[in-house]
>>> print(open('coords.txt').read())   # compact mmCIF, C-alpha atoms
# COMPACT_ATOMS: atom_id res chain seq x y z
CA MET A 1 137.62 156.07 70.63
CA THR A 2 135.95 152.97 72.11
CA ARG A 3 132.71 154.94 72.28
CA ALA A 4 132.54 155.22 68.48
CA ILE A 5 133.73 151.64 67.98
CA SER A 6 131.18 150.22 70.41
CA LEU A 7 128.35 152.23 68.84
CA GLY A 8 129.43 151.12 65.37
CA LEU A 9 129.73 147.54 66.57
CA ALA A 10 126.18 147.58 67.96
CA ALA A 11 124.82 149.09 64.73
CA GLY A 12 126.78 146.64 62.58
CA ILE A 13 125.60 143.61 64.55
CA PHE A 14 121.99 144.80 64.37
CA ALA A 15 122.18 145.46 60.60
CA GLY A 16 124.07 142.24 59.83
CA ASP A 17 121.75 140.05 61.87
CA GLN A 18 118.64 141.66 60.38
CA TRP A 19 120.05 141.09 56.88
CA LEU A 20 120.73 137.41 57.69
CA LYS A 21 117.26 137.00 59.20
CA ASN A 22 115.64 138.52 56.13
CA ARG A 23 117.69 136.23 53.86
CA ALA A 24 116.64 133.21 55.93
CA GLU A 25 112.99 134.26 55.67
CA GLU A 26 113.27 134.73 51.89
CA CYS A 27 115.44 131.75 50.95
CA LEU A 28 114.79 128.92 53.40
CA ARG A 29 111.74 126.76 53.92
CA GLU A 30 110.81 125.75 57.46
CA GLY A 31 112.50 122.44 58.18
CA GLU A 32 115.00 122.71 55.31
CA THR A 33 118.66 122.22 56.30
CA LEU A 34 121.71 123.28 54.31
CA SER A 35 125.15 122.03 55.30
CA TRP A 36 128.25 124.27 55.32
CA CYS A 37 131.88 123.80 56.32
CA GLY A 38 131.80 120.04 55.90
CA GLY A 39 128.64 119.71 57.97
CA ARG A 40 129.99 121.67 60.95
CA LEU A 41 127.54 124.52 60.35
CA LEU A 42 123.89 123.81 59.56
CA ILE A 43 121.74 126.54 58.02
CA ARG A 44 118.07 126.18 58.91
CA LYS A 45 115.16 128.47 59.65
CA LEU A 46 113.22 128.43 62.88
CA HIS A 47 110.66 130.89 64.24
CA ASN A 48 111.24 131.25 67.98
CA SER A 49 108.19 132.73 69.71
CA GLY A 50 109.73 132.66 73.17
CA MET A 51 113.14 133.22 74.70
CA MET A 52 116.15 130.96 74.49
CA LEU A 53 115.12 127.42 73.51
CA ASN A 54 111.57 128.75 72.97
CA LEU A 55 110.95 129.10 76.71
CA GLY A 56 107.88 131.21 77.36
CA GLU A 57 106.46 130.80 73.86
CA SER A 58 102.94 130.79 75.27
CA ARG A 59 103.59 134.21 76.91
CA ARG A 60 104.92 136.19 73.95
CA LYS A 61 103.79 139.59 75.23
CA LEU A 62 105.55 139.05 78.55
CA VAL A 63 108.71 137.86 76.76
CA ALA A 64 108.64 140.96 74.52
CA LEU A 65 108.12 143.27 77.51
CA LEU A 66 110.98 141.64 79.40
CA SER A 67 113.17 141.96 76.31
CA VAL A 68 112.40 145.69 76.03
CA ILE A 69 113.07 146.29 79.74
CA LEU A 70 116.38 144.40 79.83
CA THR A 71 117.59 145.96 76.56
CA GLY A 72 116.68 149.41 77.90
CA ALA A 73 118.56 148.77 81.15
CA ALA A 74 121.66 147.63 79.24
CA ALA A 75 121.41 150.70 76.99
CA ALA A 76 121.23 152.97 80.05
CA ILE A 77 124.36 151.38 81.53
CA PHE A 78 126.03 151.73 78.12
CA LEU A 79 125.26 155.46 78.03
CA VAL A 80 126.45 155.98 81.61
CA SER A 81 129.75 154.25 80.74
CA PHE A 82 130.46 156.99 78.19
CA GLY A 83 131.21 159.39 81.04
CA GLN A 84 133.65 157.06 82.77
CA LYS A 85 137.33 156.44 82.09
CA GLY A 86 138.87 153.01 81.78
CA CYS A 87 135.65 151.40 80.60
CA GLY A 88 136.66 150.43 77.07
CA LEU A 89 136.12 146.69 77.53
CA LEU A 90 132.80 147.34 79.27
CA ARG A 91 131.65 149.52 76.36
CA LEU A 92 132.77 146.94 73.79
CA GLY A 93 130.93 144.23 75.72
CA LEU A 94 127.78 146.32 76.01
CA GLY A 95 128.00 147.33 72.33
CA THR A 96 128.21 143.67 71.33
CA LEU A 97 125.42 142.68 73.71
CA LEU A 98 123.17 145.56 72.62
CA GLY A 99 123.60 144.88 68.91
CA GLY A 100 122.19 141.40 69.48
CA ALA A 101 119.60 142.49 72.03
CA PHE A 102 118.23 145.25 69.78
CA SER A 103 117.97 142.82 66.86
CA ASN A 104 116.08 140.15 68.79
CA THR A 105 113.87 142.73 70.55
CA TYR A 106 113.07 144.32 67.19
CA ASP A 107 112.02 140.89 65.87
CA ARG A 108 109.82 140.25 68.91
CA LEU A 109 108.05 143.57 68.44
CA LYS A 110 107.79 143.58 64.64
CA ARG A 111 107.50 139.93 63.59
CA LYS A 112 106.15 138.54 66.90
CA TYR A 113 108.92 135.90 66.80
CA VAL A 114 112.70 135.79 66.48
CA VAL A 115 114.20 134.26 63.34
CA ASP A 116 116.94 131.73 64.13
CA TYR A 117 118.95 130.37 61.23
CA PHE A 118 121.93 128.20 62.13
CA SER A 119 123.09 125.41 64.37
CA PHE A 120 126.23 123.39 64.83
CA GLY A 121 126.70 119.99 63.21
CA VAL A 122 127.97 118.16 66.29
CA LYS A 123 127.52 114.55 67.37
CA TRP A 124 125.53 115.46 70.49
CA LYS A 125 121.95 115.51 69.16
CA ASN A 126 120.56 117.82 71.86
CA LEU A 127 123.04 120.58 70.93
CA ARG A 128 122.59 119.87 67.22
CA ARG A 129 118.86 120.67 67.55
CA VAL A 130 119.45 124.12 69.08
CA VAL A 131 119.09 126.83 66.42
CA PHE A 132 120.76 130.24 66.93
CA ASN A 133 121.21 133.54 65.18
CA LEU A 134 124.08 136.03 65.15
CA ALA A 135 122.27 138.17 67.74
CA ASP A 136 122.15 135.26 70.21
CA LEU A 137 125.90 134.72 69.94
CA CYS A 138 126.58 138.44 70.33
CA VAL A 139 124.42 138.63 73.45
CA MET A 140 126.39 135.75 74.99
CA ILE A 141 129.83 137.10 73.99
CA GLY A 142 128.80 140.63 74.98
CA ALA A 143 127.64 139.45 78.41
CA VAL A 144 131.03 137.82 79.09
CA LEU A 145 132.92 140.92 77.91
CA THR A 146 130.62 143.15 79.97
CA VAL A 147 131.32 141.18 83.15
CA LEU A 148 135.08 141.24 82.47
CA GLY A 149 134.96 144.94 81.58
CA SER A 150 133.01 145.88 84.68
CA GLN A 151 135.95 144.65 86.78
CA THR A 152 138.28 147.33 85.34
CA CYS A 153 135.83 150.21 85.00
CA GLN A 154 136.16 152.99 87.59
>>> encode(input="coords.txt", output="structure tokens")
Amino acid sequence: MTRAISLGLAAGIFAGDQWLKNRAEECLREGETLSWCGGRLLIRKLHNSGMMLNLGESRRKLVALLSVILTGAAAAIFLVSFGQKGCGLLRLGLGTLLGGAFSNTYDRLKRKYVVDYFSFGVKWKNLRRVVFNLADLCVMIGAVLTVLGSQTCQ
């Protein structure tokens, strides 16, 4: 059962994040900020040509290649986990991680940049400036679940 759920989760994250990225591209101007939830969530559009925090933006091809390799490795582990028992949490973690990884990798290959579209309205200015997307959050959450799940997988 977790096989189908984790596959559906990955597909849903990919589709949802791509829809949000397309909406951001269509509806937001670069530099424009919209405030939601009493200013706790800031909607803004940023084109990220590198990795997290735009690291490696001057080496886009290398970043894209690394993204493809790491996403492929995670997908291979995901497929191998299908033949193992007791790996439900691992599969859910990998499904969450892969949904985000596929979305950001797709952006890097198709658009040549990743569309980020929200940040948190916090007092600490350095964190307030960091712009994310749903895929980024799913990669982080999925990585934690994957580590936890790998402890119970036989």
>>> atom_distance(input="coords.txt", atom1="atom CA of A:Ala64", atom2="atom CA of A:Asp116")
16.2 Å
>>> residues_around(input="coords.txt", residues="stretch 5-21 of chain A", least_positions_apart="2", cutoff="7 Å", atoms="all atoms listed in the file", output="ChimeraX atom specification")
/A:1-3,23-25,91-92,95-96,98-100,102-103,115,134-135
>>> closest_residue(input="coords.txt", among="A:Cys87, A:Val139, A:Ala76, A:Val130", to="A:Ala101", atoms="all atoms listed in the file")
A:Val139
>>> residues_near_point(input="coords.txt", point="(114.0, 127.2, 54.2)", cutoff="12 Å", atoms="all atoms listed in the file", output="list in words")
Lys21, Asn22, Arg23, Ala24, Glu25, Glu26, Cys27, Leu28, Arg29, Glu30, Gly31, Glu32, Thr33, Leu34, Leu42, Ile43, Arg44, Lys45, Leu46, His47, Val115, Asp116, Tyr117 and Phe118 of chain A
>>> closest_residue(input="coords.txt", among="A:Val131, A:Leu90, A:Leu109, A:Val114", to="A:Val144", atoms="only C-alpha atoms")
A:Leu90
>>> closest_residue(input="coords.txt", among="A:Phe78, A:Lys112, A:Gln84, A:Arg128", to="A:Gly50", atoms="only C-alpha atoms")
A:Lys112
>>> atom_distance(input="coords.txt", atom1="atom CA of A:Leu127", atom2="atom CA of A:Gly39")
14.1 Å
>>> residues_near_point(input="coords.txt", point="(113.5, 147.8, 77.2)", cutoff="12 Å", atoms="all atoms listed in the file", output="MDAnalysis selection string")
chainID A and resid 62:76 98 101:102 104:106 108:109
>>> atom_distance(input="coords.txt", atom1="atom CA of A:Leu89", atom2="atom CA of A:Phe132")
24.9 Å
>>> closest_residue(input="coords.txt", among="A:Leu41, A:Ser49, A:Gly93, A:Thr146", to="A:Arg129", atoms="all atoms listed in the file")
A:Leu41
>>> closest_residue(input="coords.txt", among="A:Ser150, A:Gly121, A:Arg111, A:Met51", to="A:Ile77", atoms="only C-alpha atoms")
A:Ser150
>>> closest_residue(input="coords.txt", among="A:Val147, A:Phe82, A:Phe120, A:Met140", to="A:Cys37", atoms="all atoms listed in the file")
A:Phe120
>>> decode(input="coords.txt", residues="stretch 15-116 of chain A", atoms="C-alpha atoms", output="CSV table (one decimal), in the first residue's frame")
chain,number,residue,atom,x,y,z
A,15,ALA,CA,2.3,18.5,-10.3
A,16,GLY,CA,1.4,20.8,-7.4
A,17,ASP,CA,4.8,22.5,-7.4
A,18,GLN,CA,4.8,22.9,-11.2
A,19,TRP,CA,1.3,24.5,-11.1
A,20,LEU,CA,2.5,26.9,-8.4
A,21,LYS,CA,5.6,27.8,-10.3
A,22,ASN,CA,3.6,28.4,-13.5
A,23,ARG,CA,1.2,30.6,-11.5
A,24,ALA,CA,4.1,32.6,-10.1
A,25,GLU,CA,5.6,33.0,-13.5
A,26,GLU,CA,2.2,34.2,-14.9
A,27,CYS,CA,1.0,36.4,-12.0
A,28,LEU,CA,4.0,37.9,-10.2
A,29,ARG,CA,6.5,40.5,-11.3
A,30,GLU,CA,10.1,40.1,-10.3
A,31,GLY,CA,10.6,41.9,-7.0
A,32,GLU,CA,6.8,42.1,-6.2
A,33,THR,CA,5.8,40.9,-2.7
A,34,LEU,CA,2.4,39.8,-1.6
A,35,SER,CA,1.6,39.3,2.1
A,36,TRP,CA,-0.5,36.4,3.3
A,37,CYS,CA,-1.5,35.1,6.8
A,38,GLY,CA,-0.9,38.4,8.5
A,39,GLY,CA,2.5,38.8,6.9
A,40,ARG,CA,3.8,35.4,8.1
A,41,LEU,CA,4.0,34.2,4.5
A,42,LEU,CA,5.4,36.3,1.7
A,43,ILE,CA,4.7,35.5,-1.9
A,44,ARG,CA,7.4,36.6,-4.3
A,45,LYS,CA,9.0,35.4,-7.4
A,46,LEU,CA,12.7,34.6,-7.8
A,47,HIS,CA,14.6,32.8,-10.5
A,48,ASN,CA,17.3,30.7,-8.9
A,49,SER,CA,20.0,29.7,-11.4
A,50,GLY,CA,22.0,27.7,-8.9
A,51,MET,CA,21.4,25.4,-6.0
A,52,MET,CA,20.1,26.4,-2.6
A,53,LEU,CA,20.6,30.1,-1.9
A,54,ASN,CA,21.8,30.4,-5.6
A,55,LEU,CA,25.1,28.7,-4.9
A,56,GLY,CA,26.8,27.7,-8.1
A,57,GLU,CA,24.7,30.1,-10.3
A,58,SER,CA,27.7,30.6,-12.5
A,59,ARG,CA,28.0,26.8,-13.2
A,60,ARG,CA,24.4,26.1,-14.2
A,61,LYS,CA,25.3,23.0,-16.4
A,62,LEU,CA,27.2,21.4,-13.5
A,63,VAL,CA,24.3,22.1,-11.1
A,64,ALA,CA,21.8,20.6,-13.5
A,65,LEU,CA,24.0,17.5,-14.0
A,66,LEU,CA,24.5,17.1,-10.3
A,67,SER,CA,20.7,17.4,-9.9
A,68,VAL,CA,20.0,14.7,-12.5
A,69,ILE,CA,22.6,12.3,-10.9
A,70,LEU,CA,21.3,12.8,-7.3
A,71,THR,CA,17.7,12.5,-8.4
A,72,GLY,CA,18.5,9.4,-10.3
A,73,ALA,CA,20.3,7.8,-7.4
A,74,ALA,CA,17.4,8.6,-5.1
A,75,ALA,CA,14.9,7.1,-7.6
A,76,ALA,CA,17.0,3.9,-7.8
A,77,ILE,CA,17.0,3.5,-4.0
A,78,PHE,CA,13.2,4.2,-4.1
A,79,LEU,CA,12.7,1.4,-6.7
A,80,VAL,CA,14.9,-1.0,-4.7
A,81,SER,CA,12.8,-0.3,-1.6
A,82,PHE,CA,9.8,-1.7,-3.3
A,83,GLY,CA,11.2,-5.2,-2.9
A,84,GLN,CA,11.8,-4.9,0.8
A,85,LYS,CA,9.5,-5.3,3.7
A,86,GLY,CA,9.2,-2.8,6.6
A,87,CYS,CA,10.3,0.1,4.4
A,88,GLY,CA,7.1,2.2,4.4
A,89,LEU,CA,8.6,5.2,6.1
A,90,LEU,CA,11.6,5.0,3.8
A,91,ARG,CA,9.3,4.9,0.7
A,92,LEU,CA,7.2,7.8,2.0
A,93,GLY,CA,10.4,9.8,2.6
A,94,LEU,CA,11.8,9.0,-0.8
A,95,GLY,CA,8.4,9.7,-2.5
A,96,THR,CA,8.3,13.2,-0.8
A,97,LEU,CA,12.0,13.9,-1.6
A,98,LEU,CA,11.6,12.7,-5.2
A,99,GLY,CA,8.5,14.8,-5.9
A,100,GLY,CA,10.5,17.9,-5.0
A,101,ALA,CA,13.7,16.7,-6.7
A,102,PHE,CA,11.9,15.9,-9.9
A,103,SER,CA,10.2,19.3,-10.0
A,104,ASN,CA,13.4,21.3,-9.4
A,105,THR,CA,15.4,19.1,-11.8
A,106,TYR,CA,12.7,19.6,-14.4
A,107,ASP,CA,13.0,23.3,-14.0
A,108,ARG,CA,16.8,23.3,-14.3
A,109,LEU,CA,16.6,21.3,-17.5
A,110,LYS,CA,13.6,23.1,-19.1
A,111,ARG,CA,13.7,26.7,-17.9
A,112,LYS,CA,17.4,26.8,-17.0
A,113,TYR,CA,16.5,28.1,-13.5
A,114,VAL,CA,14.3,27.1,-10.6
A,115,VAL,CA,11.2,29.2,-9.8
A,116,ASP,CA,11.0,30.1,-6.1
